[in-house]
file model-v9.cif (mmCIF, C-alpha atoms and all ligand atoms)
data_target
loop_
_atom_site.label_atom_id
_atom_site.label_comp_id
_atom_site.auth_asym_id
_atom_site.auth_seq_id
_atom_site.Cartn_x
_atom_site.Cartn_y
_atom_site.Cartn_z
CA MET S 22 0.00 0.00 0.00
CA THR S 23 1.21 3.51 -0.66
CA ALA S 24 2.70 4.82 2.58
CA MET S 25 0.96 7.95 3.82
CA PRO S 26 3.26 10.78 4.88
CA GLN S 27 3.78 10.70 8.63
CA PRO S 28 4.50 13.60 10.90
CA ASP S 29 8.16 12.98 11.73
CA SER S 30 7.48 13.22 15.47
CA GLU S 31 5.65 9.88 15.21
CA VAL S 32 8.45 8.18 13.30
CA ARG S 33 11.35 6.62 15.24
CA PRO S 34 14.66 7.88 13.89
CA LEU S 35 16.64 5.15 12.16
CA ASP S 36 19.61 3.96 14.24
CA LEU S 37 22.12 3.84 11.38
CA ASP S 38 24.91 2.41 13.55
CA PHE S 39 22.68 -0.49 14.50
CA VAL S 40 21.50 -0.90 10.91
CA ARG S 41 24.96 -0.91 9.34
CA GLY S 42 26.26 -3.23 12.04
CA GLN S 43 23.79 -5.88 10.83
CA PHE S 44 25.42 -6.13 7.40
CA PRO S 45 28.93 -7.68 7.38
CA ALA S 46 29.60 -6.34 3.86
CA LEU S 47 29.26 -2.76 5.13
CA GLU S 48 31.68 -3.18 8.03
CA SER S 49 34.85 -2.06 6.27
CA GLY S 50 33.08 0.91 4.67
CA ARG S 51 35.32 0.49 1.63
CA TRP S 52 32.47 0.13 -0.81
CA THR S 53 29.42 2.28 -1.38
CA TYR S 54 26.60 0.06 -2.60
CA PHE S 55 24.17 2.01 -4.74
CA ASP S 56 23.03 -0.89 -6.93
CA ASN S 57 20.60 -2.19 -4.35
CA ALA S 58 17.68 -2.49 -6.75
CA GLY S 59 19.86 -5.07 -8.51
CA GLY S 60 20.52 -6.87 -5.25
CA SER S 61 20.95 -5.70 -1.66
CA GLN S 62 23.55 -6.68 0.92
CA VAL S 63 22.68 -9.61 3.18
CA LEU S 64 21.94 -9.50 6.88
CA ARG S 65 24.42 -11.39 9.07
CA ARG S 66 21.62 -13.29 10.78
CA VAL S 67 20.23 -14.43 7.42
CA ALA S 68 23.58 -15.88 6.31
CA GLU S 69 24.08 -17.50 9.72
CA ARG S 70 20.67 -19.17 9.63
CA VAL S 71 21.22 -20.54 6.13
CA ALA S 72 24.49 -22.05 7.36
CA ASP S 73 22.95 -23.29 10.59
CA TYR S 74 20.10 -25.00 8.76
CA MET S 75 22.56 -26.76 6.49
CA LEU S 76 24.85 -27.75 9.32
CA THR S 77 22.25 -28.93 11.82
CA THR S 78 18.88 -29.78 10.22
CA SER S 79 19.60 -30.61 6.60
CA VAL S 80 17.33 -33.62 6.23
CA GLN S 81 14.08 -34.18 4.39
CA THR S 82 11.08 -32.71 6.19
CA GLY S 83 7.99 -34.67 7.14
CA ALA S 84 9.47 -37.82 8.70
CA SER S 85 8.91 -38.99 12.27
CA TYR S 86 12.49 -38.82 13.57
CA ALA S 87 13.49 -35.84 15.69
CA VAL S 88 15.80 -34.01 13.27
CA SER S 89 13.22 -34.22 10.50
CA GLN S 90 10.58 -32.89 12.88
CA GLN S 91 12.89 -29.99 13.71
CA ALA S 92 13.46 -29.25 10.01
CA THR S 93 9.69 -29.40 9.39
CA ALA S 94 9.09 -26.97 12.24
CA ARG S 95 11.70 -24.55 10.88
CA VAL S 96 10.15 -24.45 7.41
CA ALA S 97 6.68 -23.99 8.95
CA GLU S 98 8.00 -21.18 11.14
CA ALA S 99 9.58 -19.54 8.09
CA ARG S 100 6.28 -19.60 6.21
CA ALA S 101 4.44 -18.15 9.22
CA LYS S 102 7.01 -15.38 9.71
CA ILE S 103 6.97 -14.45 6.03
CA ALA S 104 3.15 -14.40 6.22
CA ARG S 105 3.40 -11.88 9.08
CA PHE S 106 6.00 -9.85 7.20
CA ILE S 107 3.71 -9.42 4.20
CA GLY S 108 0.40 -9.21 6.08
CA ALA S 109 -1.00 -12.50 4.73
CA THR S 110 -3.97 -13.93 6.59
CA ARG S 111 -2.63 -17.50 6.62
CA PRO S 112 0.75 -19.18 6.01
CA GLU S 113 -0.74 -21.39 3.28
CA GLU S 114 -0.98 -18.26 1.13
CA VAL S 115 2.82 -18.06 1.05
CA VAL S 116 4.30 -19.82 -2.00
CA LEU S 117 8.10 -19.93 -1.90
CA GLY S 118 10.35 -20.25 -4.94
CA PRO S 119 13.69 -19.37 -6.50
CA SER S 120 12.94 -15.99 -8.11
CA THR S 121 10.18 -13.63 -9.09
CA THR S 122 10.63 -14.51 -12.76
CA ILE S 123 10.13 -18.20 -12.04
CA LEU S 124 7.17 -17.62 -9.70
CA MET S 125 5.48 -15.46 -12.35
CA ARG S 126 6.04 -18.24 -14.87
CA PHE S 127 4.62 -20.76 -12.39
CA LEU S 128 1.58 -18.56 -11.82
CA ALA S 129 0.93 -18.10 -15.55
CA THR S 130 1.29 -21.86 -16.08
CA ALA S 131 -0.98 -22.70 -13.16
CA MET S 132 -3.62 -20.24 -14.37
CA ALA S 133 -3.70 -21.44 -17.96
CA SER S 134 -6.76 -23.68 -17.67
CA GLN S 135 -8.80 -20.77 -16.21
CA LEU S 136 -8.32 -18.73 -19.37
CA GLN S 137 -10.32 -19.30 -22.53
CA PRO S 138 -9.47 -18.16 -26.07
CA GLY S 139 -10.59 -14.54 -26.37
CA ASP S 140 -10.08 -13.79 -22.68
CA GLU S 141 -8.03 -10.65 -22.18
CA VAL S 142 -4.98 -9.95 -20.06
CA ILE S 143 -3.54 -6.46 -19.60
CA VAL S 144 0.20 -6.02 -19.12
CA THR S 145 2.12 -2.73 -19.08
CA ASP S 146 5.06 -1.27 -20.94
CA PHE S 147 6.46 0.15 -17.69
CA ASP S 148 6.99 -3.11 -15.78
CA HIS S 149 10.11 -5.20 -15.47
CA GLU S 150 9.93 -7.97 -18.09
CA SER S 151 9.28 -10.54 -15.33
CA ASN S 152 5.68 -9.37 -15.10
CA ILE S 153 5.19 -9.19 -18.88
CA GLY S 154 7.01 -12.01 -20.68
CA PRO S 155 5.73 -14.92 -18.56
CA TRP S 156 2.14 -13.81 -19.26
CA LEU S 157 2.65 -13.38 -23.01
CA MET S 158 3.24 -17.12 -23.34
CA LEU S 159 -0.52 -17.48 -22.79
CA LYS S 160 -0.98 -16.13 -26.33
CA GLU S 161 -0.57 -19.76 -27.37
CA ARG S 162 -3.88 -20.48 -25.64
CA GLY S 163 -5.66 -17.72 -27.56
CA VAL S 164 -5.46 -15.17 -24.75
CA VAL S 165 -5.60 -11.61 -26.11
CA PHE S 166 -3.12 -9.09 -24.71
CA LYS S 167 -3.56 -5.37 -24.26
CA ILE S 168 -0.78 -3.01 -23.21
CA TRP S 169 -1.25 -0.29 -20.60
CA SER S 170 1.27 2.37 -21.67
CA ILE S 171 3.09 5.01 -19.72
CA ARG S 172 2.57 8.57 -21.00
CA PRO S 173 5.99 9.60 -22.33
CA GLU S 174 5.28 13.37 -22.21
CA SER S 175 4.74 13.33 -18.44
CA VAL S 176 6.59 10.05 -17.69
CA SER S 177 3.57 9.01 -15.65
CA ILE S 178 0.71 6.57 -15.76
CA ASP S 179 -2.98 7.45 -15.84
CA LEU S 180 -5.70 5.15 -14.54
CA ALA S 181 -8.01 6.49 -17.25
CA ASP S 182 -5.78 4.68 -19.76
CA LEU S 183 -6.23 1.41 -17.87
CA LYS S 184 -9.97 1.96 -17.61
CA ALA S 185 -10.18 2.42 -21.37
CA LEU S 186 -8.53 -0.99 -21.86
CA MET S 187 -10.84 -2.90 -19.48
CA SER S 188 -13.62 -4.93 -21.07
CA PRO S 189 -16.02 -7.67 -19.99
CA ARG S 190 -13.41 -10.15 -21.27
CA THR S 191 -10.60 -8.79 -19.06
CA ARG S 192 -9.51 -11.53 -16.66
CA LEU S 193 -6.21 -10.24 -15.32
CA VAL S 194 -4.16 -7.05 -15.01
CA CYS S 195 -0.42 -7.31 -14.31
CA VAL S 196 1.31 -4.22 -12.96
CA THR S 197 4.27 -3.22 -10.84
CA HIS S 198 3.88 -1.71 -7.36
CA CYS S 199 6.98 0.40 -7.95
CA SER S 200 9.08 0.98 -11.04
CA ASN S 201 12.66 -0.30 -10.80
CA ILE S 202 13.73 2.66 -12.97
CA LEU S 203 11.50 5.59 -12.01
CA GLY S 204 11.24 4.75 -8.30
CA VAL S 205 7.61 5.84 -8.43
CA ILE S 206 5.12 4.03 -6.17
CA ASN S 207 2.00 3.19 -8.15
CA PRO S 208 -1.44 3.53 -6.50
CA ILE S 209 -2.03 -0.21 -6.27
CA ALA S 210 -5.12 -0.06 -4.03
CA GLU S 211 -6.80 2.30 -6.49
CA ILE S 212 -5.78 0.11 -9.42
CA ALA S 213 -7.12 -2.95 -7.58
CA ALA S 214 -10.49 -1.26 -7.01
CA LEU S 215 -10.76 -0.46 -10.71
CA VAL S 216 -9.72 -3.96 -11.77
CA HIS S 217 -12.14 -5.63 -9.34
CA ALA S 218 -15.00 -3.36 -10.42
CA HIS S 219 -14.59 -4.97 -13.85
CA GLY S 220 -14.53 -8.49 -12.38
CA ALA S 221 -10.85 -9.05 -13.17
CA ARG S 222 -7.87 -9.93 -10.97
CA LEU S 223 -4.64 -8.11 -10.25
CA CYS S 224 -1.10 -9.51 -10.23
CA VAL S 225 1.48 -7.17 -8.67
CA ASP S 226 5.26 -7.24 -9.01
CA ALA S 227 6.55 -5.76 -5.75
CA VAL S 228 10.25 -6.45 -6.24
CA ALA S 229 11.18 -2.75 -6.34
CA TYR S 230 8.80 -1.87 -3.49
CA ALA S 231 9.40 -4.48 -0.79
CA PRO S 232 12.92 -3.34 0.23
CA HIS S 233 11.52 0.10 1.10
CA ARG S 234 8.03 -0.11 2.56
CA ALA S 235 6.06 -2.50 4.76
CA VAL S 236 4.31 -4.93 2.44
CA ASP S 237 0.63 -5.39 3.26
CA VAL S 238 -0.80 -7.76 0.69
CA VAL S 239 -4.37 -7.50 1.96
CA ALA S 240 -4.40 -3.69 2.07
CA SER S 241 -2.82 -3.59 -1.39
CA GLY S 242 -6.00 -5.10 -2.80
CA ALA S 243 -3.95 -7.38 -5.08
CA ASP S 244 -4.93 -10.96 -5.86
CA TYR S 245 -1.37 -12.12 -6.45
CA TYR S 246 1.73 -10.34 -5.14
CA VAL S 247 5.33 -11.35 -5.82
CA PHE S 248 8.81 -10.21 -4.76
CA SER S 249 12.37 -11.46 -4.30
CA PHE S 250 14.27 -11.66 -1.01
CA TYR S 251 17.68 -10.94 -2.50
CA LYS S 252 16.56 -7.32 -2.86
CA VAL S 253 15.20 -7.35 0.71
CA TYR S 254 18.48 -8.11 2.52
CA GLY S 255 18.19 -11.88 2.11
CA PRO S 256 19.16 -14.73 -0.23
CA HIS S 257 18.24 -15.51 -3.85
CA PHE S 258 14.74 -16.66 -3.02
CA ALA S 259 11.25 -15.27 -3.62
CA VAL S 260 7.65 -15.29 -2.46
CA LEU S 261 4.37 -15.41 -4.33
CA TRP S 262 1.34 -14.51 -2.25
CA GLY S 263 -2.13 -15.28 -3.50
CA ARG S 264 -5.56 -15.11 -1.90
CA TYR S 265 -6.19 -18.58 -0.51
CA GLU S 266 -9.31 -19.19 -2.59
CA HIS S 267 -7.45 -18.14 -5.75
CA LEU S 268 -4.58 -20.51 -4.97
CA LEU S 269 -7.06 -23.36 -4.55
CA GLU S 270 -8.31 -22.69 -8.10
CA LEU S 271 -4.87 -22.90 -9.68
CA ASP S 272 -3.67 -25.98 -11.54
CA GLY S 273 -1.08 -28.00 -9.65
CA LEU S 274 2.53 -27.97 -10.85
CA TYR S 275 3.66 -30.95 -8.76
CA HIS S 276 2.92 -34.69 -8.94
CA TYR S 277 -0.61 -35.85 -9.72
CA PHE S 278 -1.23 -36.94 -6.13
CA TYR S 279 -0.76 -33.34 -4.91
CA GLY S 280 -4.44 -32.46 -5.23
CA ARG S 281 -5.96 -29.03 -5.87
CA ASP S 282 -6.32 -28.41 -2.14
CA LYS S 283 -2.60 -29.01 -1.45
CA VAL S 284 -1.81 -25.32 -1.15
CA PRO S 285 0.92 -24.12 -1.34
CA MET S 286 2.81 -27.40 -1.98
CA LYS S 287 1.16 -28.03 -5.36
CA LEU S 288 2.81 -24.76 -6.48
CA GLU S 289 6.27 -25.66 -5.12
CA PRO S 290 7.31 -28.52 -7.41
CA GLY S 291 10.31 -30.44 -6.13
CA ASN S 292 9.90 -28.77 -2.71
CA THR S 293 11.05 -25.35 -1.77
CA ASN S 294 14.56 -24.51 -0.62
CA TYR S 295 14.48 -25.18 3.11
CA GLU S 296 17.71 -23.46 4.13
CA LEU S 297 16.87 -20.27 2.28
CA ALA S 298 13.36 -20.27 3.77
CA TRP S 299 14.89 -20.58 7.24
CA GLY S 300 17.42 -17.85 6.41
CA CYS S 301 14.59 -15.47 5.51
CA THR S 302 13.29 -15.56 9.09
CA GLY S 303 16.32 -13.36 9.81
CA ILE S 304 14.84 -10.59 7.63
CA VAL S 305 11.62 -10.60 9.64
CA ASP S 306 13.46 -10.63 12.98
CA TYR S 307 15.66 -7.75 11.83
CA PHE S 308 12.70 -5.53 10.93
CA ASP S 309 10.96 -6.58 14.12
CA GLU S 310 13.98 -5.48 16.16
CA LEU S 311 14.28 -2.25 14.17
CA GLY S 312 10.63 -1.52 14.97
CA GLY S 313 10.93 -2.04 18.73
CA GLY S 314 10.92 -5.83 19.00
CA THR S 315 7.25 -6.35 19.81
CA GLY S 316 7.03 -9.29 17.43
CA ASP S 317 3.90 -8.11 15.65
CA ARG S 318 2.87 -6.31 12.45
CA ALA S 319 3.09 -2.96 14.23
CA ALA S 320 6.85 -3.46 14.75
CA ILE S 321 7.36 -4.12 11.03
CA GLU S 322 5.35 -1.02 10.15
CA ARG S 323 7.26 1.16 12.65
CA ALA S 324 10.55 -0.07 11.21
CA PHE S 325 9.57 0.76 7.64
CA ASP S 326 8.26 4.18 8.68
CA ALA S 327 11.76 4.93 9.96
CA VAL S 328 13.25 3.45 6.79
CA ALA S 329 11.02 5.63 4.60
CA ALA S 330 11.93 8.83 6.45
CA HIS S 331 15.66 8.12 6.10
CA GLU S 332 15.26 7.15 2.46
CA GLU S 333 13.48 10.43 1.75
CA ALA S 334 16.50 12.32 3.10
CA LEU S 335 18.82 10.27 0.85
CA SER S 336 16.62 10.93 -2.18
CA GLU S 337 16.46 14.63 -1.45
CA ARG S 338 20.25 14.87 -1.15
CA LEU S 339 20.79 13.33 -4.57
CA LEU S 340 17.76 14.83 -6.32
CA GLY S 341 18.61 18.28 -4.95
CA TRP S 342 22.00 18.08 -6.66
CA LEU S 343 20.61 16.56 -9.88
CA ARG S 344 17.92 19.26 -10.11
CA GLY S 345 20.62 21.93 -9.99
CA GLN S 346 22.62 20.50 -12.92
CA ASN S 347 21.89 21.96 -16.35
CA GLY S 348 22.75 18.96 -18.47
CA ILE S 349 21.11 16.27 -16.34
CA ARG S 350 17.66 14.87 -16.93
CA VAL S 351 16.08 12.87 -14.10
CA ILE S 352 13.71 10.25 -15.53
CA GLY S 353 10.33 10.81 -13.89
CA SER S 354 9.66 12.74 -10.72
CA THR S 355 12.37 14.89 -9.15
CA ARG S 356 10.47 15.01 -5.83
CA ALA S 357 11.84 13.06 -2.88
CA ASP S 358 8.45 12.70 -1.16
CA ARG S 359 8.32 9.26 0.52
CA ALA S 360 4.62 8.80 -0.20
CA THR S 361 5.24 8.74 -3.93
CA ARG S 362 8.76 7.41 -4.46
CA VAL S 363 11.51 5.14 -3.20
CA PRO S 364 15.18 6.17 -3.50
CA THR S 365 15.71 4.54 -6.89
CA ILE S 366 16.79 7.38 -9.15
CA ALA S 367 17.57 7.18 -12.87
CA PHE S 368 18.99 9.93 -15.03
CA LYS S 369 20.84 10.77 -18.22
CA VAL S 370 23.62 13.30 -18.68
CA ASP S 371 23.66 15.33 -21.91
CA GLY S 372 26.57 14.56 -24.17
CA HIS S 373 27.70 11.59 -22.07
CA ASP S 374 27.28 7.88 -22.61
CA SER S 375 25.79 6.34 -19.46
CA ALA S 376 28.30 3.47 -19.52
CA GLU S 377 31.26 5.85 -19.70
CA LEU S 378 30.16 7.76 -16.58
CA VAL S 379 29.34 4.64 -14.57
CA ARG S 380 32.72 3.10 -15.41
CA ALA S 381 34.43 6.32 -14.34
CA LEU S 382 32.98 5.75 -10.88
CA ASP S 383 34.23 2.16 -10.56
CA PRO S 384 37.68 3.16 -9.24
CA HIS S 385 35.95 5.16 -6.49
CA ARG S 386 34.45 1.88 -5.20
CA ILE S 387 30.94 3.16 -5.82
CA GLY S 388 28.66 0.47 -7.20
CA ILE S 389 26.08 1.88 -9.61
CA ARG S 390 25.06 0.71 -13.07
CA PHE S 391 23.65 1.65 -16.46
CA GLY S 392 21.27 0.10 -18.98
CA ASP S 393 17.60 -0.81 -19.14
CA PHE S 394 17.47 -3.03 -16.02
CA HIS S 395 15.22 -5.52 -17.85
CA SER S 396 12.54 -2.84 -18.12
CA ARG S 397 13.42 -2.62 -21.79
CA ARG S 398 9.94 -1.71 -23.00
CA LEU S 399 9.89 1.30 -20.65
CA ILE S 400 13.33 2.50 -21.71
CA GLU S 401 12.40 2.12 -25.39
CA ARG S 402 9.00 3.78 -24.93
CA LEU S 403 10.67 6.78 -23.29
CA GLY S 404 13.32 6.92 -26.06
CA LEU S 405 16.19 6.40 -23.62
CA ALA S 406 17.95 3.40 -25.14
CA ASP S 407 20.69 5.30 -26.99
CA GLY S 408 23.92 5.98 -25.13
CA ASN S 409 23.64 2.79 -23.09
CA GLY S 410 20.34 3.60 -21.43
CA VAL S 411 20.09 5.38 -18.11
CA ILE S 412 22.32 5.65 -15.05
CA ARG S 413 20.57 4.22 -12.01
CA VAL S 414 21.44 4.99 -8.40
CA SER S 415 19.36 2.74 -6.16
CA MET S 416 19.73 3.46 -2.47
CA VAL S 417 18.32 1.68 0.57
CA HIS S 418 18.07 2.46 4.27
CA TYR S 419 21.63 1.38 5.14
CA ASN S 420 23.10 4.04 2.86
CA THR S 421 24.25 7.33 4.36
CA ILE S 422 24.18 10.99 3.40
CA GLY S 423 27.99 10.84 3.40
CA GLU S 424 27.86 8.13 0.73
CA VAL S 425 25.53 10.25 -1.40
CA ASP S 426 27.98 13.15 -1.09
CA ARG S 427 30.82 10.87 -2.21
CA LEU S 428 28.78 9.84 -5.23
CA ILE S 429 27.95 13.44 -6.11
CA ALA S 430 31.61 14.49 -5.92
CA ALA S 431 32.75 11.55 -8.06
CA LEU S 432 30.00 12.07 -10.63
CA ASP S 433 30.68 15.79 -10.84
CA GLU S 434 34.36 15.07 -11.47
CA ALA S 435 33.56 12.40 -14.10
CA ILE S 436 31.22 14.76 -15.96
CA LYS S 437 33.72 17.62 -15.91
CA THR S 438 36.58 15.35 -17.00
CA GLY S 439 34.43 14.03 -19.85
CA ASP S 440 33.42 17.56 -20.89
CA ALA S 441 37.06 18.64 -21.01
CA HIS S 442 37.90 15.99 -23.65
C1 LIG E 501 10.92 -4.78 -10.58
C2 LIG E 501 11.53 -6.13 -10.78
N1 LIG E 501 10.72 -7.17 -11.02
C3 LIG E 501 11.20 -8.40 -11.19
C4 LIG E 501 12.55 -8.66 -11.13
C5 LIG E 501 13.04 -10.07 -11.34
O1 LIG E 501 13.32 -10.67 -10.13
P1 LIG E 501 14.08 -12.08 -10.11
O2 LIG E 501 15.50 -11.79 -10.44
O3 LIG E 501 13.88 -12.59 -8.72
O4 LIG E 501 13.44 -12.94 -11.12
C6 LIG E 501 13.44 -7.61 -10.88
C7 LIG E 501 14.89 -7.85 -10.84
O5 LIG E 501 15.69 -6.97 -11.01
C8 LIG E 501 12.91 -6.32 -10.70
O6 LIG E 501 13.71 -5.26 -10.46
#

call {"tool": "encode", "arguments": {"input": "model-v9.cif", "output": "structure tokens"}}
result
Amino acid sequence: MTAMPQPDSEVRPLDLDFVRGQFPALESGRWTYFDNAGGSQVLRRVAERVADYMLTTSVQTGASYAVSQQATARVAEARAKIARFIGATRPEEVVLGPSTTILMRFLATAMASQLQPGDEVIVTDFDHESNIGPWLMLKERGVVFKIWSIRPESVSIDLADLKALMSPRTRLVCVTHCSNILGVINPIAEIAALVHAHGARLCVDAVAYAPHRAVDVVASGADYYVFSFYKVYGPHFAVLWGRYEHLLELDGLYHYFYGRDKVPMKLEPGNTNYELAWGCTGIVDYFDELGGGTGDRAAIERAFDAVAAHEEALSERLLGWLRGQNGIRVIGSTRADRATRVPTIAFKVDGHDSAELVRALDPHRIGIRFGDFHSRRLIERLGLADGNGVIRVSMVHYNTIGEVDRLIAALDEAIKTGDAH
């Protein structure tokens, strides 16, 4: 759900020393990681739990002997904790898998028999390809696709454009909660209301949202909601949430004796990865501790309120500088406002190839990157593909204002050096 602006007096300040102390990769301070939308650093407790699972309970779950019982309990606890982290009403709604791309493919495959030739699915041209390509394979079944386009003039989306695409044959709309290029938070609850008013369902890609705001799948209004833990301070692992009754309707992807009611196992063919599931409990415990350690949803929400306030300050530091530069074009909104954006900021510099500038920053040990970030349709639609796409700086709550200042100084130098040649 889109976070409402909070009066800062109600938001706990982020304890950055505590935060940074939780990430071993940040300890030396030698590197500035600003490619977090590509993959974030990992919490110590996550890595330790993955190792501990493998070293102490690495047996098949579901048997009667004690170690297997312990392993079973750990995986069940992981599912329950992830359910709390995302606001799911029951752990069975939590489908675990290797990546968002694969879970989207699983979902499209498991939904195939619900869709008849002539049924319509709406995808966007502003999503990451993971929430477009897997759906397009349903063309083979006669499903008709419509594209909800971003408006290039304003670099923004308009719900009127989605409304115009909806028809009595629309079965599904697939849209991102937050763009991994623009950093803009889309009004998912409003989109869900529109989609449901037309009797269709909504599938949301929350990969670029979940590292920054408390996920609340029920409040989002979505029917399916997917994101990856390696962007949320954990391992290469992902979650697909679906409303329980929708999951029951899906075709099974596992053996024939996993019946329709075997949710979520029928959607986790070959079993899920137990050690990574157990590792992910560390993410939930971290945000719980950050939010006061009360072990409930409120703690998670308090933690992300603090995260959002700090992120807004990071965004403002960078955007403030970018706004003041003549030859720099920020892609999308230049406002730092936490209710409408996360600190993922993309831009282009006049007269400079994006790759050249990013590479000039490598010796400074600042990790940023250039390109289309697998949102190729968006980059092409906005006419940004030439010159190696855009430069993206994607910050998260463990970054500091000092790191942003280092980036600004290095970028300024790289631009001036390039201009002099
Ligand atoms: C917005 C968005 N959606 C989906 C994905 C794909 O996630 P995964 O690598 O887990 O398949 C990414 C990865 O960068 C992403 O940024």

call {"tool": "closest_residue", "arguments": {"input": "model-v9.cif", "among": "S:Tyr54, S:Tyr230, S:Tyr275, S:Phe368", "to": "ligand LIG 501 (chain E)", "atoms": "all atoms listed in the file"}}
result
S:Tyr230

call {"tool": "closest_atom_pairs", "arguments": {"input": "model-v9.cif", "of": "chain S", "to": "ligand LIG 501 (chain E)", "cutoff": "9 Å", "atoms": "all atoms listed in the file", "output": "JSON lines"}}
result
{"residue": "S:Ala58", "atom": "CA", "partner": "E:LIG501", "partner_atom": "O6", "distance": 6.1}
{"residue": "S:Gly59", "atom": "CA", "partner": "E:LIG501", "partner_atom": "O5", "distance": 5.2}
{"residue": "S:Gly60", "atom": "CA", "partner": "E:LIG501", "partner_atom": "O5", "distance": 7.5}
{"residue": "S:Pro119", "atom": "CA", "partner": "E:LIG501", "partner_atom": "O3", "distance": 7.1}
{"residue": "S:Ser120", "atom": "CA", "partner": "E:LIG501", "partner_atom": "O3", "distance": 3.6}
{"residue": "S:Thr121", "atom": "CA", "partner": "E:LIG501", "partner_atom": "O3", "distance": 3.9}
{"residue": "S:Thr122", "atom": "CA", "partner": "E:LIG501", "partner_atom": "O4", "distance": 3.6}
{"residue": "S:Ile123", "atom": "CA", "partner": "E:LIG501", "partner_atom": "O4", "distance": 6.3}
{"residue": "S:Leu124", "atom": "CA", "partner": "E:LIG501", "partner_atom": "O4", "distance": 8.0}
{"residue": "S:Met125", "atom": "CA", "partner": "E:LIG501", "partner_atom": "O4", "distance": 8.4}
{"residue": "S:Asp148", "atom": "CA", "partner": "E:LIG501", "partner_atom": "C1", "distance": 6.7}
{"residue": "S:His149", "atom": "CA", "partner": "E:LIG501", "partner_atom": "N1", "distance": 4.9}
{"residue": "S:Glu150", "atom": "CA", "partner": "E:LIG501", "partner_atom": "C3", "distance": 7.0}
{"residue": "S:Ser151", "atom": "CA", "partner": "E:LIG501", "partner_atom": "C3", "distance": 5.0}
{"residue": "S:Asn152", "atom": "CA", "partner": "E:LIG501", "partner_atom": "C3", "distance": 6.8}
{"residue": "S:Thr197", "atom": "CA", "partner": "E:LIG501", "partner_atom": "C1", "distance": 6.8}
{"residue": "S:His198", "atom": "CA", "partner": "E:LIG501", "partner_atom": "C1", "distance": 8.3}
{"residue": "S:Cys199", "atom": "CA", "partner": "E:LIG501", "partner_atom": "C1", "distance": 7.0}
{"residue": "S:Ser200", "atom": "CA", "partner": "E:LIG501", "partner_atom": "C1", "distance": 6.1}
{"residue": "S:Asn201", "atom": "CA", "partner": "E:LIG501", "partner_atom": "C1", "distance": 4.8}
{"residue": "S:Ile202", "atom": "CA", "partner": "E:LIG501", "partner_atom": "C1", "distance": 8.3}
{"residue": "S:Asp226", "atom": "CA", "partner": "E:LIG501", "partner_atom": "N1", "distance": 5.8}
{"residue": "S:Ala227", "atom": "CA", "partner": "E:LIG501", "partner_atom": "C1", "distance": 6.6}
{"residue": "S:Val228", "atom": "CA", "partner": "E:LIG501", "partner_atom": "C1", "distance": 4.7}
{"residue": "S:Ala229", "atom": "CA", "partner": "E:LIG501", "partner_atom": "C1", "distance": 4.7}
{"residue": "S:Tyr230", "atom": "CA", "partner": "E:LIG501", "partner_atom": "C1", "distance": 8.0}
{"residue": "S:Val247", "atom": "CA", "partner": "E:LIG501", "partner_atom": "C3", "distance": 8.5}
{"residue": "S:Phe248", "atom": "CA", "partner": "E:LIG501", "partner_atom": "O3", "distance": 6.9}
{"residue": "S:Ser249", "atom": "CA", "partner": "E:LIG501", "partner_atom": "O3", "distance": 4.8}
{"residue": "S:Phe250", "atom": "CA", "partner": "E:LIG501", "partner_atom": "O3", "distance": 7.8}
{"residue": "S:Tyr251", "atom": "CA", "partner": "E:LIG501", "partner_atom": "O3", "distance": 7.5}
{"residue": "S:Lys252", "atom": "CA", "partner": "E:LIG501", "partner_atom": "C7", "distance": 8.2}
{"residue": "S:His257", "atom": "CA", "partner": "E:LIG501", "partner_atom": "O3", "distance": 7.2}
{"residue": "S:Phe258", "atom": "CA", "partner": "E:LIG501", "partner_atom": "O3", "distance": 7.1}
{"residue": "S:Ala259", "atom": "CA", "partner": "E:LIG501", "partner_atom": "O3", "distance": 6.3}
{"residue": "S:Phe394", "atom": "CA", "partner": "E:LIG501", "partner_atom": "O5", "distance": 6.6}
{"residue": "S:His395", "atom": "CA", "partner": "E:LIG501", "partner_atom": "O5", "distance": 7.0}
{"residue": "S:Ser396", "atom": "CA", "partner": "E:LIG501", "partner_atom": "C1", "distance": 8.0}

call {"tool": "closest_residue", "arguments": {"input": "model-v9.cif", "among": "S:Phe127, S:Leu399, S:Pro384, S:Asn294", "to": "Gly273 of chain S", "atoms": "only C-alpha atoms"}}
result
S:Phe127

call {"tool": "atom_distance", "arguments": {"input": "model-v9.cif", "atom1": "atom CA of Leu403 of chain S", "atom2": "atom CA of Pro173 of chain S"}}
result
5.5 Å

call {"tool": "closest_residue", "arguments": {"input": "model-v9.cif", "among": "S:Ala97, S:Val88, S:Val305, S:Ala298", "to": "Arg70 of chain S", "atoms": "only C-alpha atoms"}}
result
S:Ala298

call {"tool": "closest_residue", "arguments": {"input": "model-v9.cif", "among": "S:Leu274, S:Glu48, S:Arg362, S:Gly242", "to": "Glu289 of chain S", "atoms": "only C-alpha atoms"}}
result
S:Leu274

call {"tool": "closest_residue", "arguments": {"input": "model-v9.cif", "among": "S:Ala231, S:Gly408, S:Ala435, S:Val253", "to": "Val379 of chain S", "atoms": "all atoms listed in the file"}}
result
S:Ala435

call {"tool": "atom_distance", "arguments": {"input": "model-v9.cif", "atom1": "atom CA of Gly388 of chain S", "atom2": "atom CA of Val63 of chain S"}}
result
15.7 Å

call {"tool": "atom_distance", "arguments": {"input": "model-v9.cif", "atom1": "atom CA of Arg100 of chain S", "atom2": "atom CA of Ala129 of chain S"}}
result
22.5 Å
